[in-house]
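Asker: So that we are looking at the same thing, I have put the structure below in structure tokens.
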Amino acid sequence: MNINFKNLSEKDLSLIYKWFKKKHVKQFYSLKNWTLEDIAKKYNPYIKNLEPIYAYIINIDDIPIGYIQYYYLKEYPFDNQNLSKDIIDKTAGIDFYIGDENYINKGYGKKVISKFLQDILKNKFKYCIADPDTRNIASIKMLEKLDFKTHKMIPYKNQIGEQVLLQLMIEKI
């Protein structure tokens with residue numbers, strides 16, 4: 001199995017649109033009803049390097065199966081994150097989902113995140129954080145298998161205005 005990460009391009013936006021409609025992606029990631037124009041507005045700044053978010057399509061054996069992005073935590077800190085400046089300066093945050101339902105609940109997530117940490121983040125950062133919704137048990141369990149540890153629970157208002165609790169998890173890479 002060959003896992004690789006391709007920089008997000010404008011050609012991928014229709015795929016993101018398709019995945020955003022999937023129930024398992026909508027539940028914790030896309031949340032609302034997105035139009036293709038909404039997706040272009042959100043992702044074009046990443047594609048054009050206008051925002052410090054680095055976006056990729058996840059491929060397994062040349063099949064696009066999901067999305068992953070990283071950012072410098074110091075650019076997008078959490079309120080009350082209780083991390084030292086040294087850790088903040090050396091930490092990447094990640095967001096991800098598997099969009100193709102043929103690849104969910106089969107152990108691919110763990111392999112993808114492990115490879116992303118190794119191939120993309122390890123030489124740039126000392127730590128990685130993820131912030132799954134506490135109701136996203138599958139994501140939390142997968143991150144725990146990769147030795148991410150819960151740092152703190154953070155109250156957060158999501159994109160549809162719902163108050164949720166995020167489980168801020170950190171891993172030394």
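The way I read the labels, and the way they are meant: chains A, B, ... in the order of the structure tokens, residue 1 as the first residue of every chain, and ligand 1 as the first ligand shown, with later ones counted on from there.
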Mind the document's chain letters and residue numbers, and return as a list in words the residues of stretch 124-167 of chain A that DSSP labels helix (DSSP H, G or I).
Answerer: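 DSSP on the backbone gives helix (DSSP H, G or I) at Ile137, Ala138, Ser139, Ile140, Lys141, Met142, Leu143, Glu144 and Lys145 of chain A.
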Asker: Go ahead and write the selection's residues with N, CA and C atoms as a compact mmCIF listing (two decimals), in the first residue's frame.
Answerer:
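Listed below is the output, out_28.txt:
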```txt
# COMPACT_ATOMS: atom_id res chain seq x y z
N ILE A 137 -15.57 9.55 18.69
CA ILE A 137 -14.86 8.48 19.39
C ILE A 137 -13.86 7.77 18.48
N ALA A 138 -14.23 7.52 17.23
CA ALA A 138 -13.33 6.81 16.31
C ALA A 138 -12.03 7.58 16.11
N SER A 139 -12.12 8.88 15.93
CA SER A 139 -10.92 9.70 15.74
C SER A 139 -10.07 9.72 17.01
N ILE A 140 -10.71 9.87 18.14
CA ILE A 140 -9.97 9.91 19.41
C ILE A 140 -9.23 8.59 19.65
N LYS A 141 -9.91 7.47 19.44
CA LYS A 141 -9.27 6.16 19.64
C LYS A 141 -8.11 5.97 18.68
N MET A 142 -8.27 6.40 17.43
CA MET A 142 -7.20 6.28 16.45
C MET A 142 -6.00 7.11 16.89
N LEU A 143 -6.22 8.35 17.33
CA LEU A 143 -5.12 9.20 17.78
C LEU A 143 -4.44 8.61 19.02
N GLU A 144 -5.21 8.03 19.92
CA GLU A 144 -4.62 7.40 21.11
C GLU A 144 -3.72 6.24 20.70
N LYS A 145 -4.09 5.49 19.67
CA LYS A 145 -3.24 4.39 19.19
C LYS A 145 -1.91 4.91 18.64
```
Asker: Considering only C-alpha atoms, return as an mmCIF file with C-alpha atoms, in the first residue's frame whatever protein or nucleic-acid residues lie within 8 Å of stretch 51-66 of chain A, sequence-local ones (same chain, fewer than 5 positions apart) excluded.
Answerer:
```
data_model
loop_
_atom_site.group_PDB
_atom_site.id
_atom_site.type_symbol
_atom_site.label_atom_id
_atom_site.label_comp_id
_atom_site.auth_asym_id
_atom_site.auth_seq_id
_atom_site.Cartn_x
_atom_site.Cartn_y
_atom_site.Cartn_z
ATOM 1 C CA MET A 1 0.000 0.000 0.000
ATOM 2 C CA ASN A 2 1.392 3.371 -1.052
ATOM 3 C CA ILE A 3 0.169 6.371 0.955
ATOM 4 C CA ASN A 4 1.088 9.824 -0.306
ATOM 5 C CA PHE A 5 -0.034 13.408 0.019
ATOM 6 C CA LYS A 6 -0.680 15.668 -2.951
ATOM 7 C CA ASN A 7 -0.910 19.430 -2.521
ATOM 8 C CA LEU A 8 -4.529 20.531 -2.763
ATOM 9 C CA ASP A 12 -9.675 18.856 -6.141
ATOM 10 C CA PRO A 45 -6.506 30.879 -0.005
ATOM 11 C CA TYR A 46 -4.737 27.647 1.036
ATOM 12 C CA TYR A 71 -0.946 24.721 10.371
ATOM 13 C CA TYR A 72 1.479 26.342 12.780
ATOM 14 C CA GLU A 75 -0.764 31.186 13.889
ATOM 15 C CA PHE A 96 -8.207 15.478 8.553
ATOM 16 C CA TYR A 97 -10.939 13.187 7.359
ATOM 17 C CA ILE A 98 -11.308 10.180 5.127
ATOM 18 C CA GLY A 99 -13.920 11.076 2.533
ATOM 19 C CA ASP A 100 -14.176 7.767 0.655
ATOM 20 C CA TYR A 103 -11.636 3.444 3.549
ATOM 21 C CA VAL A 112 -2.321 7.868 7.075
#
```
Asker: Between A:Thr35, A:Asn136, A:Asn102, A:Thr91, which is the closest to A:Lys124 once you count only C-alpha atoms?
Answerer: A:Thr91
Asker: Write out as JSON, numbers by chain the residues lying within 12 Å of stretch 77-89 of chain A, counting only C-alpha atoms and excluding same-chain residues fewer than 6 positions away.
Answerer: {"A": [71, 124, 125, 126, 127, 128, 129, 130, 131, 150, 151, 152, 153, 154, 155, 156, 157, 166, 167, 168, 169, 170, 171, 172]}
Asker: Name the residues of stretch 71-169 of chain A that come out as strand (DSSP E) in a backbone DSSP run; write them as a short mmCIF file (atom, residue, chain, number, x, y, z; two decimals) with N, CA and C atoms, in the first residue's frame.
Answerer:
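And here is the file that came out, states31.cif:
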```
data_model
loop_
_atom_site.label_atom_id
_atom_site.label_comp_id
_atom_site.auth_asym_id
_atom_site.auth_seq_id
_atom_site.Cartn_x
_atom_site.Cartn_y
_atom_site.Cartn_z
N TYR A 71 -1.16 23.30 10.16
CA TYR A 71 -0.95 24.72 10.37
C TYR A 71 -0.01 24.88 11.56
N TYR A 72 0.64 26.02 11.63
CA TYR A 72 1.48 26.34 12.78
C TYR A 72 0.55 26.77 13.92
N THR A 91 4.91 23.46 17.39
CA THR A 91 3.76 22.56 17.23
C THR A 91 2.99 22.83 15.96
N ALA A 92 2.64 21.73 15.29
CA ALA A 92 1.71 21.78 14.15
C ALA A 92 0.36 21.27 14.63
N GLY A 93 -0.68 21.91 14.16
CA GLY A 93 -2.03 21.39 14.35
C GLY A 93 -2.45 20.69 13.07
N ILE A 94 -3.23 19.62 13.20
CA ILE A 94 -3.73 18.92 12.02
C ILE A 94 -5.24 18.78 12.07
N ASP A 95 -5.83 18.76 10.89
CA ASP A 95 -7.24 18.46 10.68
C ASP A 95 -7.29 17.48 9.53
N PHE A 96 -8.18 16.52 9.59
CA PHE A 96 -8.21 15.48 8.55
C PHE A 96 -9.55 14.75 8.55
N TYR A 97 -9.82 14.12 7.44
CA TYR A 97 -10.94 13.19 7.36
C TYR A 97 -10.69 12.25 6.18
N ILE A 98 -11.29 11.09 6.27
CA ILE A 98 -11.31 10.18 5.13
C ILE A 98 -12.67 10.37 4.48
N TYR A 127 6.15 18.81 17.94
CA TYR A 127 4.87 18.31 18.46
C TYR A 127 3.78 18.45 17.40
N CYS A 128 2.75 17.65 17.59
CA CYS A 128 1.56 17.75 16.74
C CYS A 128 0.34 17.71 17.64
N ILE A 129 -0.64 18.55 17.34
CA ILE A 129 -1.90 18.51 18.07
C ILE A 129 -3.05 18.22 17.10
N ALA A 130 -4.07 17.62 17.66
CA ALA A 130 -5.33 17.42 16.96
C ALA A 130 -6.42 17.77 17.96
N LYS A 149 -1.79 12.15 23.41
CA LYS A 149 -2.31 12.20 24.78
C LYS A 149 -3.24 13.39 24.91
N THR A 150 -4.30 13.19 25.68
CA THR A 150 -5.22 14.29 25.93
C THR A 150 -4.52 15.33 26.79
N HIS A 151 -4.53 16.56 26.30
CA HIS A 151 -3.94 17.68 27.04
C HIS A 151 -5.03 18.43 27.81
N LYS A 152 -6.14 18.67 27.13
CA LYS A 152 -7.17 19.50 27.74
C LYS A 152 -8.46 19.42 26.93
N MET A 153 -9.57 19.61 27.59
CA MET A 153 -10.87 19.76 26.92
C MET A 153 -11.11 21.26 26.74
N ILE A 154 -11.52 21.63 25.53
CA ILE A 154 -11.71 23.04 25.22
C ILE A 154 -13.12 23.28 24.70
N PRO A 155 -13.91 24.12 25.39
CA PRO A 155 -15.22 24.49 24.85
C PRO A 155 -15.03 25.31 23.58
N TYR A 156 -15.89 25.08 22.60
CA TYR A 156 -15.70 25.71 21.30
C TYR A 156 -17.05 25.85 20.62
N LYS A 157 -17.25 26.96 19.92
CA LYS A 157 -18.46 27.14 19.14
C LYS A 157 -18.11 26.79 17.69
N GLN A 163 -22.38 24.74 20.54
CA GLN A 163 -21.33 24.66 21.55
C GLN A 163 -20.91 23.20 21.68
N VAL A 164 -19.62 22.93 21.45
CA VAL A 164 -19.09 21.56 21.53
C VAL A 164 -17.86 21.57 22.43
N LEU A 165 -17.41 20.39 22.76
CA LEU A 165 -16.21 20.23 23.56
C LEU A 165 -15.17 19.52 22.69
N LEU A 166 -14.03 20.18 22.52
CA LEU A 166 -12.94 19.60 21.74
C LEU A 166 -11.94 18.94 22.69
N GLN A 167 -11.42 17.80 22.27
CA GLN A 167 -10.41 17.11 23.06
C GLN A 167 -9.05 17.42 22.44
N LEU A 168 -8.35 18.38 23.03
CA LEU A 168 -7.04 18.79 22.53
C LEU A 168 -6.04 17.70 22.88
N MET A 169 -5.48 17.08 21.84
CA MET A 169 -4.57 15.95 22.01
C MET A 169 -3.21 16.32 21.42
#
```
Asker: Smallest atom-to-atom distance to A:Tyr67: which of A:Ile16, A:Leu31, A:Leu121, A:Leu36, using only C-alpha atoms?
Answerer: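 Closest to A:Tyr67, using only C-alpha atoms: A:Ile16.
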Asker: Could you state the separation of atom CA of A:Tyr17 and atom CA of A:Ser114 in Å, given to one decimal place?
Answerer: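 Calculated distance between atom CA of A:Tyr17 and atom CA of A:Ser114 is 25.8 Å.
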Asker: Neighbours of A:Gln159 within 9 Å (only C-alpha atoms; same-chain residues fewer than 3 positions away dropped), as a VMD selection string?
Answerer: chain A and resid 30 to 32 162
Asker: Which distance in Å separates atom CA of A:Ser9 and atom CA of A:Glu37, to one decimal?
Answerer: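 Separating atom CA of A:Ser9 from atom CA of A:Glu37 is a distance of 14.7 Å.
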Asker: Work out how far apart atom CA of A:Lys74 and atom CA of A:Thr134 are and give it in Å to one decimal.
Answerer: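 Computing it gives 23.1 Å between the two atoms.
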